[in-house]
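Trainee: PDB, C-alpha atoms, saved as data21.pdb, coming up:
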ATOM      1  CA  MET V   1      91.653 112.612  94.433
ATOM      2  CA  GLU V   2      90.377 115.860  95.822
ATOM      3  CA  GLY V   3      92.538 117.997  98.006
ATOM      4  CA  GLY V   4      93.116 116.609 101.452
ATOM      5  CA  ALA V   5      92.425 112.966 100.677
ATOM      6  CA  LEU V   6      95.338 110.638 101.142
ATOM      7  CA  LEU V   7      93.849 107.314 100.163
ATOM      8  CA  THR V   8      90.558 106.338  98.592
ATOM      9  CA  GLY V   9      88.625 103.176  97.946
ATOM     10  CA  THR V  10      90.320  99.857  98.507
ATOM     11  CA  ALA V  11      93.511 101.428  99.738
ATOM     12  CA  GLY V  12      91.478 103.200 102.401
ATOM     13  CA  TRP V  13      90.092  99.907 103.684
ATOM     14  CA  LEU V  14      93.562  98.395 103.627
ATOM     15  CA  PHE V  15      94.737 101.276 105.769
ATOM     16  CA  ALA V  16      91.878 100.613 108.192
ATOM     17  CA  ILE V  17      92.869  96.954 108.526
ATOM     18  CA  PHE V  18      96.534  97.809 109.003
ATOM     19  CA  ALA V  19      95.747 100.525 111.534
ATOM     20  CA  VAL V  20      93.617  98.200 113.667
ATOM     21  CA  LEU V  21      96.302  95.518 113.487
ATOM     22  CA  ALA V  22      99.040  97.991 114.457
ATOM     23  CA  LEU V  23      97.074  99.274 117.444
ATOM     24  CA  ALA V  24      96.142  95.776 118.586
ATOM     25  CA  SER V  25      99.725  94.571 118.439
ATOM     26  CA  ALA V  26     100.919  97.717 120.232
ATOM     27  CA  ILE V  27      98.469  97.039 123.065
ATOM     28  CA  ALA V  28      99.718  93.458 123.141
ATOM     29  CA  VAL V  29     103.324  94.667 123.455
ATOM     30  CA  VAL V  30     102.450  96.704 126.520
ATOM     31  CA  ALA V  31     100.087  94.160 128.064
ATOM     32  CA  ALA V  32     101.989  90.900 127.560
ATOM     33  CA  ARG V  33     103.474  89.388 130.676
ATOM     34  CA  SER V  34     106.442  87.759 129.060
ATOM     35  CA  PRO V  35     109.042  89.905 127.257
ATOM     36  CA  VAL V  36     109.305  87.264 124.542
ATOM     37  CA  HIS V  37     105.624  87.761 123.711
ATOM     38  CA  SER V  38     106.126  91.524 123.782
ATOM     39  CA  ALA V  39     109.045  91.217 121.367
ATOM     40  CA  LEU V  40     107.066  89.113 118.916
ATOM     41  CA  PHE V  41     104.103  91.482 118.965
ATOM     42  CA  LEU V  42     106.494  94.385 118.455
ATOM     43  CA  LEU V  43     107.833  92.592 115.398
ATOM     44  CA  LEU V  44     104.279  92.298 114.077
ATOM     45  CA  SER V  45     103.674  95.996 114.650
ATOM     46  CA  PHE V  46     106.860  96.878 112.760
ATOM     47  CA  VAL V  47     105.762  94.831 109.763
ATOM     48  CA  VAL V  48     102.289  96.389 109.781
ATOM     49  CA  VAL V  49     103.713  99.908 110.002
ATOM     50  CA  ALA V  50     106.017  99.110 107.067
ATOM     51  CA  CYS V  51     102.905  98.115 105.098
ATOM     52  CA  ILE V  52     101.296 101.449 105.969
ATOM     53  CA  PHE V  53     104.414 103.229 104.743
ATOM     54  CA  ILE V  54     104.207 101.436 101.421
ATOM     55  CA  LEU V  55     100.556 102.492 101.112
ATOM     56  CA  GLN V  56     101.804 106.067 101.404
ATOM     57  CA  GLN V  57     104.220 105.730  98.496
ATOM     58  CA  ALA V  58     107.166 105.650 100.913
ATOM     59  CA  GLU V  59     108.601 102.428  99.570
ATOM     60  CA  PHE V  60     112.176 103.184 100.542
ATOM     61  CA  VAL V  61     111.282 103.977 104.144
ATOM     62  CA  GLY V  62     109.106 100.868 104.268
ATOM     63  CA  ALA V  63     111.994  98.723 103.083
ATOM     64  CA  VAL V  64     114.384 100.369 105.539
ATOM     65  CA  GLN V  65     111.858  99.801 108.328
ATOM     66  CA  MET V  66     111.701  96.096 107.505
ATOM     67  CA  LEU V  67     115.467  95.725 107.182
ATOM     68  CA  VAL V  68     116.618  97.786 110.141
ATOM     69  CA  TYR V  69     113.750  97.502 112.601
ATOM     70  CA  ALA V  70     112.296  94.073 111.917
ATOM     71  CA  GLY V  71     115.502  92.509 110.718
ATOM     72  CA  GLY V  72     118.063  94.174 112.953
ATOM     73  CA  ILE V  73     116.669  95.742 116.091
ATOM     74  CA  MET V  74     114.168  92.977 116.780
ATOM     75  CA  VAL V  75     116.800  90.289 116.385
ATOM     76  CA  LEU V  76     118.959  92.210 118.872
ATOM     77  CA  PHE V  77     116.037  92.474 121.279
ATOM     78  CA  LEU V  78     115.316  88.772 121.016
ATOM     79  CA  PHE V  79     118.956  87.928 121.638
ATOM     80  CA  VAL V  80     119.002  89.992 124.815
ATOM     81  CA  VAL V  81     115.606  88.715 125.951
ATOM     82  CA  MET V  82     116.805  85.150 125.617
ATOM     83  CA  LEU V  83     120.160  85.913 127.230
ATOM     84  CA  VAL V  84     118.713  87.606 130.247
ATOM     85  CA  ASN V  85     115.318  86.034 130.733
ATOM     86  CA  PRO V  86     115.443  82.401 129.789
ATOM     87  CA  GLY V  87     112.218  81.621 131.633
ATOM     88  CA  VAL V  88     109.296  82.431 129.394
ATOM     89  CA  VAL V  89     106.786  83.759 131.892
ATOM     90  CA  GLN V  90     108.000  86.224 134.426
ATOM     91  CA  ALA V  91     107.125  85.598 138.029
ATOM     92  CA  GLY V  92     105.767  88.468 140.049
ATOM     93  CA  LYS V  93     104.134  91.666 138.944
ATOM     94  CA  ALA V  94     104.250  93.047 135.425
ATOM     95  CA  PHE V  95     103.324  96.664 136.114
ATOM     96  CA  GLN V  96     104.878  99.264 138.344
ATOM     97  CA  THR V  97     103.248 100.579 141.469
ATOM     98  CA  GLN V  98     102.085 103.793 139.802
ATOM     99  CA  PHE V  99      99.911 101.955 137.255
ATOM    100  CA  ASP V 100      96.646 103.494 138.451
ATOM    101  CA  VAL V 101      98.033 106.996 138.625
ATOM    102  CA  ALA V 102      99.437 106.701 135.094
ATOM    103  CA  LEU V 103      96.148 105.350 133.792
ATOM    104  CA  VAL V 104      94.332 108.410 135.120
ATOM    105  CA  LEU V 105      96.931 111.013 134.200
ATOM    106  CA  LEU V 106      97.733 109.777 130.691
ATOM    107  CA  PRO V 107      94.574 111.147 129.032
ATOM    108  CA  VAL V 108      95.117 114.430 130.871
ATOM    109  CA  PHE V 109      98.598 114.748 129.382
ATOM    110  CA  LEU V 110      97.868 113.550 125.895
ATOM    111  CA  LEU V 111      94.323 114.537 124.938
ATOM    112  CA  PRO V 112      95.279 118.183 124.302
ATOM    113  CA  PHE V 113      97.244 116.923 121.301
ATOM    114  CA  LEU V 114      93.944 116.051 119.667
ATOM    115  CA  TYR V 115      93.126 119.755 119.570
ATOM    116  CA  ILE V 116      95.102 119.941 116.370
ATOM    117  CA  LEU V 117      92.505 117.834 114.613
ATOM    118  CA  GLY V 118      90.040 120.686 114.654
ATOM    119  CA  THR V 119      92.464 123.303 113.447
ATOM    120  CA  GLU V 120      93.863 121.924 110.229
ATOM    121  CA  LYS V 121      95.103 124.738 108.037
ATOM    122  CA  LEU V 122      97.004 122.719 105.492
ATOM    123  CA  PRO V 123      96.726 123.861 101.871
ATOM    124  CA  ASP V 124      93.823 122.119 100.175
ATOM    125  CA  VAL V 125      96.003 120.764  97.369
ATOM    126  CA  ALA V 126      95.725 117.240  96.068
ATOM    127  CA  VAL V 127      98.615 114.862  96.524
ATOM    128  CA  LYS V 128     100.990 114.798  93.553
ATOM    129  CA  PRO V 129     101.702 111.095  93.093
ATOM    130  CA  ASP V 130     104.852 111.755  91.103
ATOM    131  CA  ALA V 131     106.431 113.876  93.818
ATOM    132  CA  PHE V 132     107.877 110.756  95.435
ATOM    133  CA  ARG V 133     109.501 109.413  92.293
ATOM    134  CA  MET V 134     111.029 112.496  90.707
ATOM    135  CA  VAL V 135     114.744 112.820  90.234
ATOM    136  CA  GLY V 136     115.271 116.355  88.967
ATOM    137  CA  ASP V 137     112.656 116.376  86.226
ATOM    138  CA  LYS V 138     112.738 112.687  85.295
ATOM    139  CA  ILE V 139     110.659 109.963  86.853
ATOM    140  CA  ALA V 140     112.755 107.253  88.485
ATOM    141  CA  GLY V 141     111.702 105.465  91.655
ATOM    142  CA  ASN V 142     111.196 106.274  95.304
ATOM    143  CA  THR V 143     114.698 105.160  96.316
ATOM    144  CA  GLU V 144     116.312 107.352  93.668
ATOM    145  CA  ALA V 145     114.140 110.283  94.697
ATOM    146  CA  VAL V 146     115.012 109.897  98.377
ATOM    147  CA  ALA V 147     118.700 109.575  97.491
ATOM    148  CA  TRP V 148     118.454 112.687  95.320
ATOM    149  CA  VAL V 149     117.127 114.712  98.257
ATOM    150  CA  LEU V 150     119.246 113.034 100.920
ATOM    151  CA  PHE V 151     122.625 113.406  99.271
ATOM    152  CA  ARG V 152     122.050 116.943  98.021
ATOM    153  CA  ASP V 153     120.054 118.806 100.634
ATOM    154  CA  TYR V 154     120.740 116.675 103.699
ATOM    155  CA  LEU V 155     124.321 115.545 103.242
ATOM    156  CA  VAL V 156     125.594 116.947 106.548
ATOM    157  CA  PRO V 157     122.922 115.207 108.658
ATOM    158  CA  PHE V 158     123.786 112.020 106.793
ATOM    159  CA  GLU V 159     127.425 112.280 107.814
ATOM    160  CA  VAL V 160     126.449 113.188 111.369
ATOM    161  CA  ALA V 161     124.236 110.087 111.459
ATOM    162  CA  SER V 162     127.178 107.920 110.498
ATOM    163  CA  VAL V 163     129.289 109.445 113.304
ATOM    164  CA  PHE V 164     126.378 108.818 115.640
ATOM    165  CA  LEU V 165     126.317 105.144 114.660
ATOM    166  CA  LEU V 166     130.038 104.890 115.314
ATOM    167  CA  VAL V 167     129.592 106.418 118.762
ATOM    168  CA  ALA V 168     126.660 104.097 119.493
ATOM    169  CA  MET V 169     128.717 101.097 118.471
ATOM    170  CA  VAL V 170     131.631 102.055 120.706
ATOM    171  CA  GLY V 171     129.255 102.810 123.556
ATOM    172  CA  ALA V 172     127.460  99.490 123.241
ATOM    173  CA  VAL V 173     130.744  97.575 123.236
ATOM    174  CA  VAL V 174     132.033  99.421 126.300
ATOM    175  CA  LEU V 175     128.763  99.086 128.211
ATOM    176  CA  GLY V 176     128.556  95.403 127.423
ATOM    177  CA  LYS V 177     132.006  94.573 128.664
ATOM    178  CA  ARG V 178     132.216  92.428 131.745
ATOM    179  CA  SER V 179     134.591  93.957 134.193
ATOM    180  CA  LEU V 180     137.490  96.164 133.299
ATOM    181  CA  GLU V 181     139.641  94.744 136.094
ATOM    182  CA  LYS V 182     139.537  91.315 134.559
ATOM    183  CA  MET V 183     141.557  92.466 131.555
ATOM    184  CA  ASP V 184     145.304  92.010 131.628
TER     185      ASP V 184
ATOM    186  CA  MET L 185      86.434 105.091 102.117
ATOM    187  CA  THR L 186      88.460 108.281 102.001
ATOM    188  CA  VAL L 187      91.370 108.473 104.371
ATOM    189  CA  THR L 188      92.512 111.966 105.284
ATOM    190  CA  ILE L 189      95.429 113.221 107.335
ATOM    191  CA  ASN L 190      93.202 113.184 110.425
ATOM    192  CA  HIS L 191      92.940 109.390 110.334
ATOM    193  CA  TYR L 192      96.711 109.165 110.281
ATOM    194  CA  LEU L 193      97.028 111.667 113.100
ATOM    195  CA  ILE L 194      94.631 109.685 115.266
ATOM    196  CA  VAL L 195      96.382 106.366 114.605
ATOM    197  CA  SER L 196      99.798 107.849 115.284
ATOM    198  CA  PHE L 197      98.492 109.542 118.433
ATOM    199  CA  LEU L 198      97.064 106.274 119.726
ATOM    200  CA  LEU L 199     100.278 104.379 118.968
ATOM    201  CA  PHE L 200     102.251 107.115 120.720
ATOM    202  CA  SER L 201     100.062 107.036 123.802
ATOM    203  CA  ILE L 202     100.164 103.232 124.013
ATOM    204  CA  GLY L 203     103.956 103.359 123.855
ATOM    205  CA  PHE L 204     104.066 106.220 126.340
ATOM    206  CA  PHE L 205     101.871 104.288 128.745
ATOM    207  CA  GLY L 206     104.135 101.264 128.350
ATOM    208  CA  VAL L 207     107.199 103.307 129.284
ATOM    209  CA  LEU L 208     105.457 104.621 132.379
ATOM    210  CA  VAL L 209     104.006 101.455 133.836
ATOM    211  CA  ARG L 210     105.984  98.373 132.846
ATOM    212  CA  ARG L 211     108.429  96.825 135.277
ATOM    213  CA  ASN L 212     110.619  94.908 132.892
ATOM    214  CA  PHE L 213     113.387  97.065 131.483
ATOM    215  CA  LEU L 214     113.242  95.363 128.093
ATOM    216  CA  THR L 215     109.525  96.046 127.739
ATOM    217  CA  ILE L 216     110.186  99.698 128.482
ATOM    218  CA  LEU L 217     112.691  99.767 125.624
ATOM    219  CA  MET L 218     110.173  98.114 123.323
ATOM    220  CA  SER L 219     107.601 100.758 124.215
ATOM    221  CA  ILE L 220     110.117 103.435 123.272
ATOM    222  CA  GLU L 221     110.384 101.789 119.855
ATOM    223  CA  LEU L 222     106.592 102.016 119.565
ATOM    224  CA  ILE L 223     106.801 105.752 120.243
ATOM    225  CA  LEU L 224     109.416 106.172 117.506
ATOM    226  CA  ASN L 225     107.247 104.202 115.102
ATOM    227  CA  ALA L 226     104.305 106.476 115.801
ATOM    228  CA  VAL L 227     106.448 109.519 115.034
ATOM    229  CA  ASN L 228     107.588 107.958 111.761
ATOM    230  CA  LEU L 229     103.990 107.274 110.791
ATOM    231  CA  ASN L 230     103.150 110.914 111.377
ATOM    232  CA  LEU L 231     106.132 112.088 109.329
ATOM    233  CA  ILE L 232     105.317 109.852 106.382
ATOM    234  CA  ALA L 233     101.657 110.873 106.400
ATOM    235  CA  PHE L 234     102.493 114.560 106.334
ATOM    236  CA  SER L 235     105.147 113.981 103.723
ATOM    237  CA  ARG L 236     102.495 112.557 101.428
ATOM    238  CA  ARG L 237      99.883 115.153 102.281
ATOM    239  CA  LEU L 238     102.243 117.985 101.380
ATOM    240  CA  SER L 239     103.845 116.102  98.456
ATOM    241  CA  ASP L 240     107.256 116.729 100.001
ATOM    242  CA  LEU L 241     110.027 114.164 100.291
ATOM    243  CA  THR L 242     111.556 115.810 103.360
ATOM    244  CA  GLY L 243     109.351 113.807 105.694
ATOM    245  CA  GLN L 244     110.578 110.532 104.259
ATOM    246  CA  VAL L 245     114.224 111.573 104.570
ATOM    247  CA  PHE L 246     113.635 112.571 108.172
ATOM    248  CA  SER L 247     112.027 109.175 108.804
ATOM    249  CA  VAL L 248     115.194 107.472 107.623
ATOM    250  CA  PHE L 249     117.136 109.488 110.165
ATOM    251  CA  VAL L 250     114.665 108.627 112.917
ATOM    252  CA  ILE L 251     115.097 104.926 112.119
ATOM    253  CA  THR L 252     118.885 105.354 112.233
ATOM    254  CA  ILE L 253     118.785 107.034 115.620
ATOM    255  CA  ALA L 254     116.375 104.395 116.899
ATOM    256  CA  ALA L 255     118.812 101.666 115.889
ATOM    257  CA  GLY L 256     121.671 103.356 117.754
ATOM    258  CA  GLU L 257     119.501 103.960 120.780
ATOM    259  CA  ALA L 258     118.289 100.362 120.821
ATOM    260  CA  ALA L 259     121.870  99.111 120.751
ATOM    261  CA  ILE L 260     122.912 101.286 123.689
ATOM    262  CA  GLY L 261     119.709 100.501 125.590
ATOM    263  CA  LEU L 262     120.285  96.784 125.216
ATOM    264  CA  ALA L 263     123.901  97.089 126.335
ATOM    265  CA  LEU L 264     122.607  98.981 129.379
ATOM    266  CA  THR L 265     120.104  96.176 129.977
ATOM    267  CA  ILE L 266     122.855  93.604 130.069
ATOM    268  CA  SER L 267     124.901  95.777 132.411
ATOM    269  CA  PHE L 268     121.868  96.318 134.660
ATOM    270  CA  PHE L 269     121.158  92.606 134.774
ATOM    271  CA  ARG L 270     124.749  91.713 135.616
ATOM    272  CA  GLN L 271     124.686  94.007 138.611
ATOM    273  CA  ARG L 272     121.289  93.172 140.055
ATOM    274  CA  LYS L 273     120.392  89.758 138.633
ATOM    275  CA  THR L 274     116.929  91.090 137.860
ATOM    276  CA  LEU L 275     115.354  93.300 135.218
ATOM    277  CA  ASP L 276     112.767  94.795 137.540
ATOM    278  CA  VAL L 277     113.102  98.578 137.469
ATOM    279  CA  GLU L 278     111.333  98.856 140.797
ATOM    280  CA  ASP L 279     114.474  97.352 142.315
ATOM    281  CA  ALA L 280     116.571 100.252 141.046
ATOM    282  CA  ARG L 281     116.022 102.570 143.964
ATOM    283  CA  THR L 282     119.496 103.289 145.330
ATOM    284  CA  MET L 283     119.097 106.969 144.443
ATOM    285  CA  ARG L 284     115.639 107.223 145.947
ATOM    286  CA  GLY L 285     115.362 110.073 148.438
TER     287      GLY L 285
END
As structure tokens - that is how I would like this structure written.
Mentor:
Amino acid sequence: MEGGALLTGTAGWLFAIFAVLALASAIAVVAARSPVHSALFLLLSFVVVACIFILQQAEFVGAVQMLVYAGGIMVLFLFVVMLVNPGVVQAGKAFQTQFDVALVLLPVFLLPFLYILGTEKLPDVAVKPDAFRMVGDKIAGNTEAVAWVLFRDYLVPFEVASVFLLVAMVGAVVLGKRSLEKMD
Amino acid sequence: MTVTINHYLIVSFLLFSIGFFGVLVRRNFLTILMSIELILNAVNLNLIAFSRRLSDLTGQVFSVFVITIAAGEAAIGLALTISFFRQRKTLDVEDARTMRG
């Protein structure tokens, strides 16, 4: 592949299909009236994004996305949706009162980000397909390569992430408690 | 068809803006949280695309951290949802106006 190309041929068309599916399910998440429908479309978008990750030789991140997002976070969301909103279709309005203002102002806020598309100055080097499988100077797999980088160069952020998860767990338990006066 | 980094940037931008719009305009608190997850997904897509373009694994490692933080944030957000619902018996964020000037 020449420099700058990420995918060619069939993989390119696969990416096109996945991209359209991801955008369609994202629009469905935002537009659906019932939160159950939103949750199911969000699940679809997670799976599609995991497929896009695998197309980019990020197999470990794709697997983690499926396990944590689709298998953990979505299950949590569905639990809470069912706990709090047993009726499937919500009565009343779905959008806040500033819907029209947001619709007009959103392109104004976000379109400047597209400026970067005209100013790409990345090095015109082709993708090295083995870069995502190398452990030292041997070829292993993507998981081994990610572990090699994670546990050598990014060990401190890894430990901080585990402390963060502990804090999040304690916080979720405390916030979910009923009333503190009822304990004795 | 040849896919370049620009295609990935456009897709991730569109996903981000759809999620951003969802956070701004939806009434249901849970749908707002789901839109935040869409935003995080768009960021991950961007990271993975650049990681491949520059043949650098750092982007993938950062993505793992983003997913971790998203999991913690989803847990706290959902606990907040339950707390919100217990107090007001509704998930409509337009009803949360006690601090309105």
Trainee: Please evaluate the PyMOL selection byres ((chain L) within 7 of (chain V)) against the structure above and give the resulting residues as a PyMOL selection string.
Mentor: chain L and resi 185-190+195+199+202+206+208-211+214-215+219+232-233+236-241+244-245+248+255-256+258-260+262-264+266-267+278
Trainee: Would you work out the distance separating atom CA of L:Tyr192 from atom CA of V:Gly136, expressed in Å to one decimal?
Mentor: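 Value for the atom CA of L:Tyr192-atom CA of V:Gly136 distance: 29.2 Å.
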Trainee: Box in all listed atoms of stretch 193-200 of chain L, axis-aligned, with 8 Å more on each side; write out centre and edge lengths in Å to one decimal as lines of an AutoDock Vina configuration file.
Mentor:
center_x = 98.4
center_y = 108.0
center_z = 116.9
size_x = 23.6
size_y = 23.3
size_z = 23.6
Trainee: Please identify all polymer residues lying at most 8 Å from the point (111.2, 96.6, 139.1) (file coordinates), using only C-alpha atoms, and present the result as a PyMOL selection string.
Mentor: (chain V and resi 96) or (chain L and resi 211-213+275-280)
Trainee: Go through L:Gly261, L:Phe268, L:Ile223, L:Asn228 and flag the residue nearest L:Phe246, using only C-alpha atoms for the distances.
Mentor: L:Asn228
Trainee: Please determine, counting only C-alpha atoms, which residue among V:Tyr115, V:Leu40, V:Val47, V:Leu21 has the shortest atom-to-atom distance to L:Asn225.
Mentor: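 Residue with the minimum atom-to-atom distance to L:Asn225: V:Val47.
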Trainee: Atom CA of V:Cys51 to atom CA of V:Met66: how many Å, to one decimal?
Mentor: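 Between these atoms lies a distance of 9.3 Å.
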Trainee: Near L:Leu231, within 7 Å and counting all atoms listed in the file, which residues show up once chain neighbours fewer than 3 positions away are dropped, as a ChimeraX atom specification?
Mentor: /L:227-228,234-235,243-244,247
Trainee: What is the distance between atom CA of L:Glu257 and atom CA of V:Val160, in Å to one decimal?
Mentor: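 Here the two named atoms are 14.9 Å from each other.
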